[in-house]
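Below is entry-v2.cif, holding mmCIF, C-alpha atoms and all ligand atoms.
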data_run
loop_
_atom_site.label_atom_id
_atom_site.label_comp_id
_atom_site.auth_asym_id
_atom_site.auth_seq_id
_atom_site.Cartn_x
_atom_site.Cartn_y
_atom_site.Cartn_z
CA MET A 525 99.62 87.56 241.80
CA SER A 526 97.86 89.03 238.80
CA ILE A 527 94.08 89.16 238.61
CA LEU A 528 91.91 90.16 235.66
CA VAL A 529 88.26 91.17 235.72
CA VAL A 530 86.10 91.28 232.60
CA GLY A 531 82.83 93.15 233.06
CA SER A 532 80.94 96.40 232.86
CA VAL A 533 82.48 99.83 233.30
CA ALA A 534 79.47 102.06 233.62
CA PHE A 535 77.71 105.20 234.65
CA ASP A 536 75.05 104.66 237.29
CA THR A 537 72.10 106.87 238.19
CA LEU A 538 71.03 105.87 241.67
CA LYS A 539 68.28 106.57 244.14
CA THR A 540 68.29 105.26 247.71
CA PRO A 541 66.53 106.41 250.89
CA TYR A 542 69.68 108.50 251.53
CA GLY A 543 69.66 110.50 248.32
CA GLU A 544 70.24 110.46 244.59
CA ARG A 545 73.24 110.57 242.27
CA GLU A 546 73.31 111.11 238.54
CA LYS A 547 75.77 109.40 236.17
CA ILE A 548 78.46 108.45 238.64
CA ILE A 549 81.08 105.85 237.82
CA GLY A 550 80.00 102.27 238.44
CA GLY A 551 79.88 98.89 236.77
CA SER A 552 80.82 95.44 237.99
CA ALA A 553 84.44 95.68 236.84
CA THR A 554 84.85 99.05 238.57
CA TYR A 555 83.64 97.80 241.96
CA PHE A 556 85.50 94.51 241.63
CA SER A 557 88.84 96.06 240.69
CA LEU A 558 88.70 98.81 243.33
CA ALA A 559 87.98 96.25 246.06
CA ALA A 560 90.69 93.86 244.77
CA SER A 561 93.23 96.71 244.53
CA TYR A 562 93.83 96.51 248.30
CA PHE A 563 95.22 92.98 247.87
CA THR A 564 96.86 92.84 244.43
CA THR A 565 97.14 94.76 241.15
CA PRO A 566 93.95 94.19 239.15
CA ARG A 567 93.68 94.35 235.38
CA VAL A 568 90.41 95.31 233.69
CA ILE A 569 88.80 94.46 230.38
CA GLY A 570 85.66 96.42 229.54
CA VAL A 571 84.35 98.97 227.07
CA VAL A 572 83.51 102.66 227.45
CA GLY A 573 82.24 105.41 225.13
CA ASP A 574 83.33 108.98 224.31
CA ASP A 575 81.72 110.33 227.48
CA PHE A 576 84.12 108.35 229.68
CA LEU A 577 86.74 110.99 230.49
CA PRO A 578 90.27 110.80 231.89
CA GLU A 579 88.88 111.90 235.28
CA HIS A 580 86.72 108.75 235.32
CA GLU A 581 89.57 106.45 234.37
CA SER A 582 91.78 108.02 237.01
CA VAL A 583 89.40 106.71 239.73
CA LEU A 584 90.79 103.28 238.81
CA ASN A 585 94.38 104.31 238.04
CA THR A 586 94.74 106.13 241.36
CA ARG A 587 94.21 102.77 243.06
CA GLY A 588 96.84 101.19 240.80
CA VAL A 589 94.31 99.40 238.58
CA ASP A 590 95.72 98.52 235.16
CA THR A 591 93.19 99.89 232.64
CA ARG A 592 95.02 99.03 229.40
CA GLY A 593 92.28 96.51 228.66
CA ILE A 594 89.49 99.11 228.64
CA GLN A 595 88.39 99.48 225.04
CA ARG A 596 87.02 102.75 223.66
CA ALA A 597 84.12 102.69 221.24
CA LYS A 598 82.16 105.39 219.43
CA GLY A 599 79.00 106.21 221.34
CA LYS A 600 77.97 106.42 224.96
CA THR A 601 79.11 104.39 227.96
CA PHE A 602 76.74 101.79 229.43
CA HIS A 603 74.32 103.61 231.74
CA TRP A 604 72.31 101.83 234.43
CA GLY A 605 69.58 103.34 236.58
CA GLY A 606 68.61 101.68 239.85
CA GLU A 607 66.51 102.43 242.88
CA TYR A 608 66.31 100.90 246.38
CA THR A 609 63.50 101.24 248.88
CA ALA A 610 63.93 101.45 252.65
CA GLU A 611 61.98 98.17 252.96
CA ASN A 612 64.33 96.22 250.71
CA LEU A 613 67.85 97.53 250.45
CA ASN A 614 69.07 94.13 249.29
CA GLU A 615 67.57 94.31 245.84
CA ALA A 616 67.75 97.07 243.26
CA LYS A 617 64.77 97.96 241.15
CA THR A 618 66.20 98.54 237.68
CA LYS A 619 64.84 101.79 236.23
CA PHE A 620 66.66 101.59 232.92
CA THR A 621 69.50 99.73 231.26
CA ASP A 622 71.03 101.74 228.42
CA LEU A 623 73.53 99.25 227.06
CA ASN A 624 75.02 101.74 224.55
CA VAL A 625 78.55 100.59 223.59
CA PHE A 626 78.24 97.60 225.96
CA GLU A 627 75.74 96.01 223.56
CA ASN A 628 78.50 95.11 221.09
CA PHE A 629 81.20 94.39 223.65
CA GLN A 630 83.73 91.87 222.35
CA PRO A 631 86.42 91.41 224.99
CA GLU A 632 89.93 91.67 223.53
CA ILE A 633 92.79 90.44 225.64
CA PRO A 634 95.89 92.66 225.52
CA ALA A 635 99.15 90.71 225.07
CA ALA A 636 100.31 92.13 228.42
CA TYR A 637 97.46 90.29 230.17
CA ALA A 638 98.31 86.83 228.76
CA ASP A 639 100.15 85.75 231.93
CA THR A 640 97.16 86.43 234.23
CA GLU A 641 96.73 83.77 236.93
CA PHE A 642 93.38 84.72 238.46
CA LEU A 643 90.35 85.57 236.37
CA PHE A 644 86.96 86.97 237.34
CA LEU A 645 84.25 86.89 234.71
CA ALA A 646 81.66 89.38 235.93
CA ASN A 647 78.09 89.43 234.75
CA ILE A 648 78.29 89.38 230.91
CA ASP A 649 76.96 87.07 228.18
CA PRO A 650 78.00 83.50 229.14
CA LEU A 651 79.28 82.93 225.60
CA LEU A 652 81.70 85.84 226.05
CA GLN A 653 82.70 84.51 229.46
CA ALA A 654 83.53 81.11 227.95
CA HIS A 655 85.39 82.73 225.06
CA VAL A 656 87.63 84.73 227.41
CA ARG A 657 88.27 81.72 229.64
CA GLU A 658 89.38 79.61 226.68
CA GLN A 659 91.95 82.20 225.63
CA MET A 660 93.50 82.63 229.09
CA THR A 661 95.76 79.60 229.19
CA ASN A 662 97.79 80.57 232.28
CA VAL A 663 94.80 80.97 234.57
CA ALA A 664 94.93 78.92 237.80
CA LEU A 665 91.52 79.91 239.16
CA THR A 666 88.41 81.35 237.52
CA GLY A 667 85.62 83.04 239.43
CA GLY A 668 82.39 84.02 237.78
CA ASP A 669 79.07 85.76 238.23
CA THR A 670 75.81 85.81 236.28
CA MET A 671 72.30 87.27 236.54
CA ASN A 672 68.64 86.39 236.01
CA TYR A 673 68.63 87.58 232.39
CA TRP A 674 71.17 84.94 231.32
CA ILE A 675 69.55 82.29 233.52
CA ASN A 676 66.20 82.89 231.81
CA PHE A 677 67.24 83.48 228.23
CA LYS A 678 70.63 81.75 227.75
CA ARG A 679 70.27 78.76 230.03
CA GLU A 680 72.15 76.30 227.82
CA ASP A 681 75.08 78.63 227.16
CA LEU A 682 75.20 79.40 230.86
CA GLN A 683 75.30 75.73 231.83
CA ASN A 684 78.21 75.14 229.46
CA THR A 685 80.04 78.14 230.88
CA LEU A 686 79.49 77.08 234.50
CA ALA A 687 81.61 74.01 233.76
CA LYS A 688 84.54 76.38 233.12
CA PHE A 689 84.28 78.21 236.47
CA ASP A 690 86.15 77.08 239.57
CA ILE A 691 84.07 79.30 241.84
CA LEU A 692 80.67 80.77 241.04
CA LEU A 693 79.51 83.78 243.08
CA ILE A 694 75.77 84.48 242.92
CA ASN A 695 72.86 85.34 245.22
CA ASP A 696 70.10 83.19 246.73
CA ASN A 697 67.53 83.81 244.00
CA GLU A 698 69.97 83.16 241.19
CA THR A 699 70.97 79.85 242.80
CA LYS A 700 67.35 78.73 243.07
CA MET A 701 66.64 79.86 239.51
CA ILE A 702 69.58 77.99 237.98
CA ALA A 703 68.67 74.79 239.83
CA ALA A 704 64.90 75.30 239.49
CA ASP A 705 64.64 74.30 243.15
CA PRO A 706 63.24 76.40 246.01
CA SER A 707 65.44 74.72 248.66
CA LEU A 708 68.71 76.61 248.86
CA PRO A 709 70.99 73.76 250.05
CA ARG A 710 69.52 71.39 247.45
CA ALA A 711 69.80 74.06 244.76
CA ALA A 712 73.44 74.65 245.74
CA LYS A 713 74.19 70.95 245.25
CA LYS A 714 72.55 70.98 241.83
CA VAL A 715 74.48 74.07 240.73
CA LEU A 716 77.75 72.41 241.77
CA GLU A 717 76.83 69.46 239.55
CA PHE A 718 77.11 71.82 236.57
CA GLY A 719 80.85 72.03 237.18
CA PRO A 720 82.15 74.65 239.63
CA LYS A 721 84.24 73.33 242.54
CA ALA A 722 82.75 75.86 244.92
CA LEU A 723 79.69 78.06 245.03
CA VAL A 724 79.55 81.29 247.02
CA ILE A 725 75.99 82.37 247.70
CA LYS A 726 75.68 86.01 248.73
CA HIS A 727 72.79 86.74 251.08
CA GLY A 728 73.03 90.55 251.02
CA GLU A 729 72.92 91.99 254.54
CA TYR A 730 72.84 88.45 255.99
CA GLY A 731 76.30 87.38 254.87
CA ALA A 732 77.41 84.67 252.46
CA THR A 733 77.80 80.89 252.38
CA ILE A 734 80.36 78.83 250.49
CA PHE A 735 79.34 75.34 249.34
CA PHE A 736 81.95 72.87 248.11
CA ARG A 737 81.86 69.97 245.71
CA ASP A 738 82.93 66.79 247.53
CA GLY A 739 86.69 66.72 247.96
CA ALA A 740 87.31 70.16 246.41
CA TYR A 741 89.92 72.33 248.19
CA GLY A 742 90.47 69.75 250.93
CA LEU A 743 88.45 67.16 252.73
CA GLY A 744 84.77 67.31 253.58
CA HIS A 745 81.87 69.08 251.97
CA HIS A 746 80.29 71.09 254.79
CA PRO A 747 79.27 74.57 253.76
CA PHE A 748 80.74 77.55 255.63
CA ARG A 749 78.76 80.69 256.37
CA ALA A 750 80.31 84.08 257.04
CA PRO A 751 78.03 86.66 258.63
CA ALA A 752 77.78 90.24 257.44
CA LEU A 753 78.72 93.05 259.76
CA PRO A 754 75.54 94.71 261.03
CA LEU A 755 75.78 98.28 259.73
CA ASP A 756 73.60 101.07 261.11
CA GLU A 757 73.35 102.82 257.78
CA VAL A 758 73.48 101.34 254.31
CA ARG A 759 73.60 104.46 252.11
CA ASP A 760 73.84 102.75 248.72
CA PRO A 761 73.94 98.96 248.23
CA THR A 762 75.10 99.23 244.59
CA GLY A 763 78.18 97.18 243.93
CA ALA A 764 78.10 95.26 247.21
CA GLY A 765 78.19 91.92 245.38
CA ASP A 766 81.01 92.93 243.04
CA SER A 767 82.99 94.42 245.92
CA PHE A 768 82.51 91.18 247.84
CA ALA A 769 83.86 89.31 244.81
CA GLY A 770 86.81 91.74 244.54
CA GLY A 771 87.77 91.27 248.20
CA PHE A 772 87.24 87.50 247.99
CA MET A 773 89.24 86.94 244.79
CA GLY A 774 91.81 89.64 245.58
CA TYR A 775 92.64 87.97 248.88
CA ILE A 776 92.90 84.54 247.22
CA ALA A 777 95.26 85.99 244.59
CA SER A 778 97.48 87.41 247.36
CA GLN A 779 98.00 83.98 248.98
CA GLU A 780 100.67 81.36 248.24
CA LYS A 781 98.31 78.42 248.46
CA LEU A 782 94.63 77.74 248.12
CA ASP A 783 92.85 75.53 250.62
CA ARG A 784 89.68 75.62 252.66
CA GLU A 785 91.17 77.94 255.34
CA VAL A 786 92.20 80.49 252.72
CA LEU A 787 88.73 80.30 251.20
CA LYS A 788 87.13 80.89 254.61
CA ARG A 789 89.30 83.96 255.23
CA ALA A 790 88.49 85.13 251.69
CA MET A 791 84.80 85.00 252.65
CA PHE A 792 85.51 87.48 255.46
CA TYR A 793 87.57 89.79 253.25
CA GLY A 794 84.72 89.70 250.74
CA GLY A 795 82.34 90.72 253.52
CA VAL A 796 84.69 93.49 254.64
CA MET A 797 84.91 95.04 251.18
CA GLY A 798 81.15 94.69 250.61
CA SER A 799 80.46 96.42 253.92
CA PHE A 800 82.71 99.36 253.04
CA ALA A 801 81.17 99.70 249.58
CA VAL A 802 77.66 100.31 250.90
CA GLU A 803 78.64 103.01 253.40
CA ARG A 804 78.73 105.74 250.77
CA PHE A 805 77.30 106.33 247.31
CA GLY A 806 78.87 104.58 244.33
CA PRO A 807 82.42 103.30 244.75
CA GLU A 808 83.42 106.40 246.75
CA ARG A 809 84.38 104.57 249.93
CA LEU A 810 86.49 102.04 248.03
CA GLN A 811 88.79 104.82 246.86
CA ASP A 812 90.34 105.98 250.11
CA LEU A 813 90.55 102.98 252.44
CA THR A 814 93.67 101.99 254.31
CA ARG A 815 94.96 98.47 254.96
CA ASP A 816 94.56 99.20 258.70
CA GLU A 817 90.85 99.95 258.29
CA ILE A 818 90.41 96.72 256.33
CA GLU A 819 92.28 94.66 258.93
CA ALA A 820 90.34 96.26 261.80
CA ARG A 821 87.07 95.22 260.21
CA PHE A 822 88.43 91.76 259.36
CA LYS A 823 89.22 91.37 263.07
CA ILE A 824 85.60 92.15 263.99
CA PHE A 825 84.41 89.47 261.57
CA ARG A 826 86.82 86.98 263.16
CA GLU A 827 85.59 87.84 266.64
CA LEU A 828 81.99 87.45 265.50
CA THR A 829 82.62 83.84 264.61
CA HIS A 830 85.00 82.64 267.33
CA LEU A 831 83.50 81.02 270.36
CA ASP A 832 86.55 81.18 272.63
P1 LIG B 901 75.86 94.73 242.20
O1 LIG B 901 75.13 95.76 243.01
O2 LIG B 901 77.10 94.21 242.87
O3 LIG B 901 74.99 93.67 241.65
O4 LIG B 901 76.44 95.50 240.90
C1 LIG B 901 75.98 96.76 240.50
C2 LIG B 901 76.69 97.21 239.23
O5 LIG B 901 76.31 96.35 238.15
C3 LIG B 901 76.26 98.62 238.85
O6 LIG B 901 77.34 99.49 239.02
C4 LIG B 901 75.81 98.54 237.38
O7 LIG B 901 76.47 99.47 236.58
C5 LIG B 901 76.17 97.13 236.97
N1 LIG B 901 75.11 96.51 236.16
C6 LIG B 901 73.76 96.63 236.30
N2 LIG B 901 73.10 95.94 235.34
C7 LIG B 901 74.05 95.35 234.58
C8 LIG B 901 74.02 94.50 233.42
N3 LIG B 901 72.87 94.13 232.84
N4 LIG B 901 75.20 94.08 232.91
C9 LIG B 901 76.36 94.44 233.48
N5 LIG B 901 76.47 95.25 234.55
C10 LIG B 901 75.32 95.70 235.10
#

Show me, as structure tokens, the structure contained in the file I just sent.
Amino acid sequence: MSILVVGSVAFDTLKTPYGEREKIIGGSATYFSLAASYFTTPRVIGVVGDDFLPEHESVLNTRGVDTRGIQRAKGKTFHWGGEYTAENLNEAKTKFTDLNVFENFQPEIPAAYADTEFLFLANIDPLLQAHVREQMTNVALTGGDTMNYWINFKREDLQNTLAKFDILLINDNETKMIAADPSLPRAAKKVLEFGPKALVIKHGEYGATIFFRDGAYGLGHHPFRAPALPLDEVRDPTGAGDSFAGGFMGYIASQEKLDREVLKRAMFYGGVMGSFAVERFGPERLQDLTRDEIEARFKIFRELTHLD
């Protein structure tokens, strides 16, 4: 079924213990849609500048991503610079954030996208997230992300927007910041009180946990944790979270029904896509995967968690 992501399409300049890259394609919508493209046909809404060339767009189109929703504006494409140290590969140190045309991004929904059933609102202004959600009347499930900037400076808008998400996908720190509580399970409960039915907390190299609101997606409220595959070499962690979200939501969109079992499997597919993303620089590895490679890694995740 159709899935739409609204987020950044960017150039990234990256430095990790394994090397450096200058102005390579990145952005939350890029990682999300490439990861989701192995499960369904993603649609993208974002904005790029004059320096975004056909060769950049074809990275997405080659994977079947529908880019009709990418707007072109006069000026330069959003450019983000990040660095990771060997001691902490989980967290990027932001070197610069040149918003460029992203600063005035006003998502416009092409008529062809009106029938979209699954929506992912990547990390953008919560007011824009809410605005998109309100216009998408056929959506059955909305996933969303956010970041510390919005938590600190747009708290009220963010709280209103959280009520419109079915599933929020964020990391440990963001969860604690939103809830203003240093205990993760307690913070998760508080975040769920703002409205989402489920909360996926990404723990970087340690996996991810899904917390449910009582009664949502079936009986019970116990959280479920999926481990991450221990990888010998993480070359570039950029986009791991968005690739997780793409695998998670893409898998959900490919299923007939949505219950707790589907959500658990989606957690593994999220982990699979995140683990591929970090093996090479930028979204390189997400461009040439096969379904067999994805299933082989999914099987390892299953074996990791089965006792018999
Ligand atoms: P992740 O590593 O999954 O958190 O996502 C990394 C991607 O987010 C990079 O490709 C960046 O281009 C993009 N990014 C970084 N900062 C921002 C921001 N302030 N707004 C939107 N996207 C961003």

Residues up to 7 Å from ligand LIG 901 (chain B), counting only C-alpha atoms and all ligand atoms: could you list those as a count of residues only? 21

Using only C-alpha atoms: which of A:Ala560, A:Trp674, A:Pro807, A:Ala664 has the shortest distance to His580 of chain A: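 Distance minimum relative to His580 of chain A lands on A:Pro807.
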
Box in all listed atoms of segment 698-712 of chain A, axis-aligned, with 3 Å more on each side; write out centre and edge lengths in Å to one decimal as lines of an AutoDock Vina configuration file.
center_x = 68.3
center_y = 77.3
center_z = 244.0
size_x = 16.2
size_y = 17.8
size_z = 18.1

Residues within 8 Å of Arg545 of chain A, only C-alpha atoms, excluding chain neighbours under 3 positions, as a compact mmCIF listing (two decimals) with C-alpha atoms, in the frame of the given file:
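result-v3.txt, freshly written:
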# COMPACT_ATOMS: atom_id res chain seq x y z
CA ASP A 536 75.05 104.66 237.29
CA THR A 537 72.10 106.87 238.19
CA LEU A 538 71.03 105.87 241.67
CA LYS A 539 68.28 106.57 244.14
CA ILE A 548 78.46 108.45 238.64
CA PHE A 805 77.30 106.33 247.31

Please produce, as a Markdown table, a per-residue contact table for segment 715-810 of chain A versus segment 582-601 of chain A (criterion: any atom at most 12 Å away, only C-alpha atoms considered), showing the nearest atom pair and its distance in Å to one decimal, sorted by chain then residue number.
| residue | atom | partner | partner_atom | distance |
| --- | --- | --- | --- | --- |
| A:Gly806 | CA | A:Val583 | CA | 11.7 |
| A:Pro807 | CA | A:Val583 | CA | 9.2 |
| A:Glu808 | CA | A:Val583 | CA | 9.2 |
| A:Arg809 | CA | A:Val583 | CA | 11.6 |
| A:Leu810 | CA | A:Arg587 | CA | 9.2 |

Limited to C-alpha atoms, could you put the picked residues into a file as a CSV table (one decimal), keeping the file's coordinate frame?
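part36.csv, freshly written:
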chain,number,residue,atom,x,y,z
A,806,GLY,CA,78.9,104.6,244.3
A,807,PRO,CA,82.4,103.3,244.8
A,808,GLU,CA,83.4,106.4,246.8
A,809,ARG,CA,84.4,104.6,249.9
A,810,LEU,CA,86.5,102.0,248.0

For Phe768 of chain A, which residue out of A:Leu723, A:Val571, A:Met525, A:Ile694 is the nearest one, using all atoms listed in the file?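 Residue with the minimum atom-to-atom distance to Phe768 of chain A: A:Ile694.
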
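Considering the residues A:Leu755, A:Ala712, A:Leu651, A:Ala610 and counting all atoms listed in the file, Arg679 of chain A has its shortest atom-to-atom contact with A:Leu651.
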
A:Asp622, A:Ile691, A:Gly728, A:Phe735: which is nearest Arg710 of chain A, counting all atoms listed in the file?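 With all atoms listed in the file as the atom set, the closest residue is A:Phe735.
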
Between A:Asp690, A:Asp738, A:Glu819, A:Glu757, which residue has the minimum interatomic distance to Val724 of chain A, considering all atoms listed in the file?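 Using all atoms listed in the file, Val724 of chain A sits closest to A:Asp690.
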
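Atom CA of Phe556 of chain A is positioned 18.3 Å from atom CA of Glu817 of chain A.
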
To one decimal place in Å, what is the distance between atom CA of Lys713 of chain A and atom CA of Leu693 of chain A?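 Atom-to-atom, atom CA of Lys713 of chain A to atom CA of Leu693 of chain A, that is 14.1 Å.
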
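Rounded to one decimal, atom CA of Gly794 of chain A and atom CA of Gly731 of chain A lie 9.7 Å from each other.
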
Mind listing whatever residues come within 10 Å of the point (87.4, 78.6, 237.7)? Use all atoms listed in the file, file coordinates, and give them as number ranges by chain. A: 642-645, 657, 663-668, 686-692, 719-722

Taking (83.4, 88.5, 255.8) in the coordinates of the supplied file, I want to know which residues reach to within 8 Å of it, counting only C-alpha atoms; could you give the answer as a PyMOL selection string? chain A and resi 731-732+750-753+789-796+822+825

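Of the residues under consideration (A:Lys700, A:Tyr562, A:Leu828, A:Ala820), A:Leu828 shows the shortest atom-to-atom contact distance to Arg749 of chain A when counting only C-alpha atoms.
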
Fill-in result for segment 720-733 of chain A, N, CA and C atoms as an mmCIF file, keeping the file's coordinate frame:
data_model
loop_
_atom_site.group_PDB
_atom_site.id
_atom_site.type_symbol
_atom_site.label_atom_id
_atom_site.label_comp_id
_atom_site.auth_asym_id
_atom_site.auth_seq_id
_atom_site.Cartn_x
_atom_site.Cartn_y
_atom_site.Cartn_z
ATOM 1 N N PRO A 720 81.223 73.926 238.751
ATOM 2 C CA PRO A 720 82.150 74.650 239.630
ATOM 3 C C PRO A 720 82.554 73.820 240.851
ATOM 4 N N LYS A 721 83.766 74.077 241.359
ATOM 5 C CA LYS A 721 84.240 73.330 242.540
ATOM 6 C C LYS A 721 83.642 73.906 243.811
ATOM 7 N N ALA A 722 83.344 75.202 243.756
ATOM 8 C CA ALA A 722 82.750 75.860 244.920
ATOM 9 C C ALA A 722 81.719 76.869 244.452
ATOM 10 N N LEU A 723 80.760 77.103 245.332
ATOM 11 C CA LEU A 723 79.690 78.060 245.030
ATOM 12 C C LEU A 723 79.568 79.003 246.218
ATOM 13 N N VAL A 724 79.726 80.294 245.956
ATOM 14 C CA VAL A 724 79.550 81.290 247.020
ATOM 15 C C VAL A 724 78.181 81.931 246.813
ATOM 16 N N ILE A 725 77.323 81.753 247.804
ATOM 17 C CA ILE A 725 75.990 82.370 247.700
ATOM 18 C C ILE A 725 75.960 83.592 248.601
ATOM 19 N N LYS A 726 75.704 84.754 247.981
ATOM 20 C CA LYS A 726 75.680 86.010 248.730
ATOM 21 C C LYS A 726 74.250 86.265 249.200
ATOM 22 N N HIS A 727 74.120 86.500 250.518
ATOM 23 C CA HIS A 727 72.790 86.740 251.080
ATOM 24 C C HIS A 727 72.575 88.215 251.441
ATOM 25 N N GLY A 728 73.208 89.120 250.735
ATOM 26 C CA GLY A 728 73.030 90.550 251.020
ATOM 27 C C GLY A 728 73.438 90.868 252.448
ATOM 28 N N GLU A 729 72.565 91.557 253.180
ATOM 29 C CA GLU A 729 72.920 91.990 254.540
ATOM 30 C C GLU A 729 73.074 90.823 255.515
ATOM 31 N N TYR A 730 72.744 89.597 255.080
ATOM 32 C CA TYR A 730 72.840 88.450 255.990
ATOM 33 C C TYR A 730 74.122 87.633 255.832
ATOM 34 N N GLY A 731 75.025 88.083 254.989
ATOM 35 C CA GLY A 731 76.300 87.380 254.870
ATOM 36 C C GLY A 731 76.392 86.549 253.599
ATOM 37 N N ALA A 732 77.191 85.507 253.643
ATOM 38 C CA ALA A 732 77.410 84.670 252.460
ATOM 39 C C ALA A 732 77.800 83.268 252.898
ATOM 40 N N THR A 733 77.475 82.281 252.067
ATOM 41 C CA THR A 733 77.800 80.890 252.380
ATOM 42 C C THR A 733 78.583 80.289 251.210
#
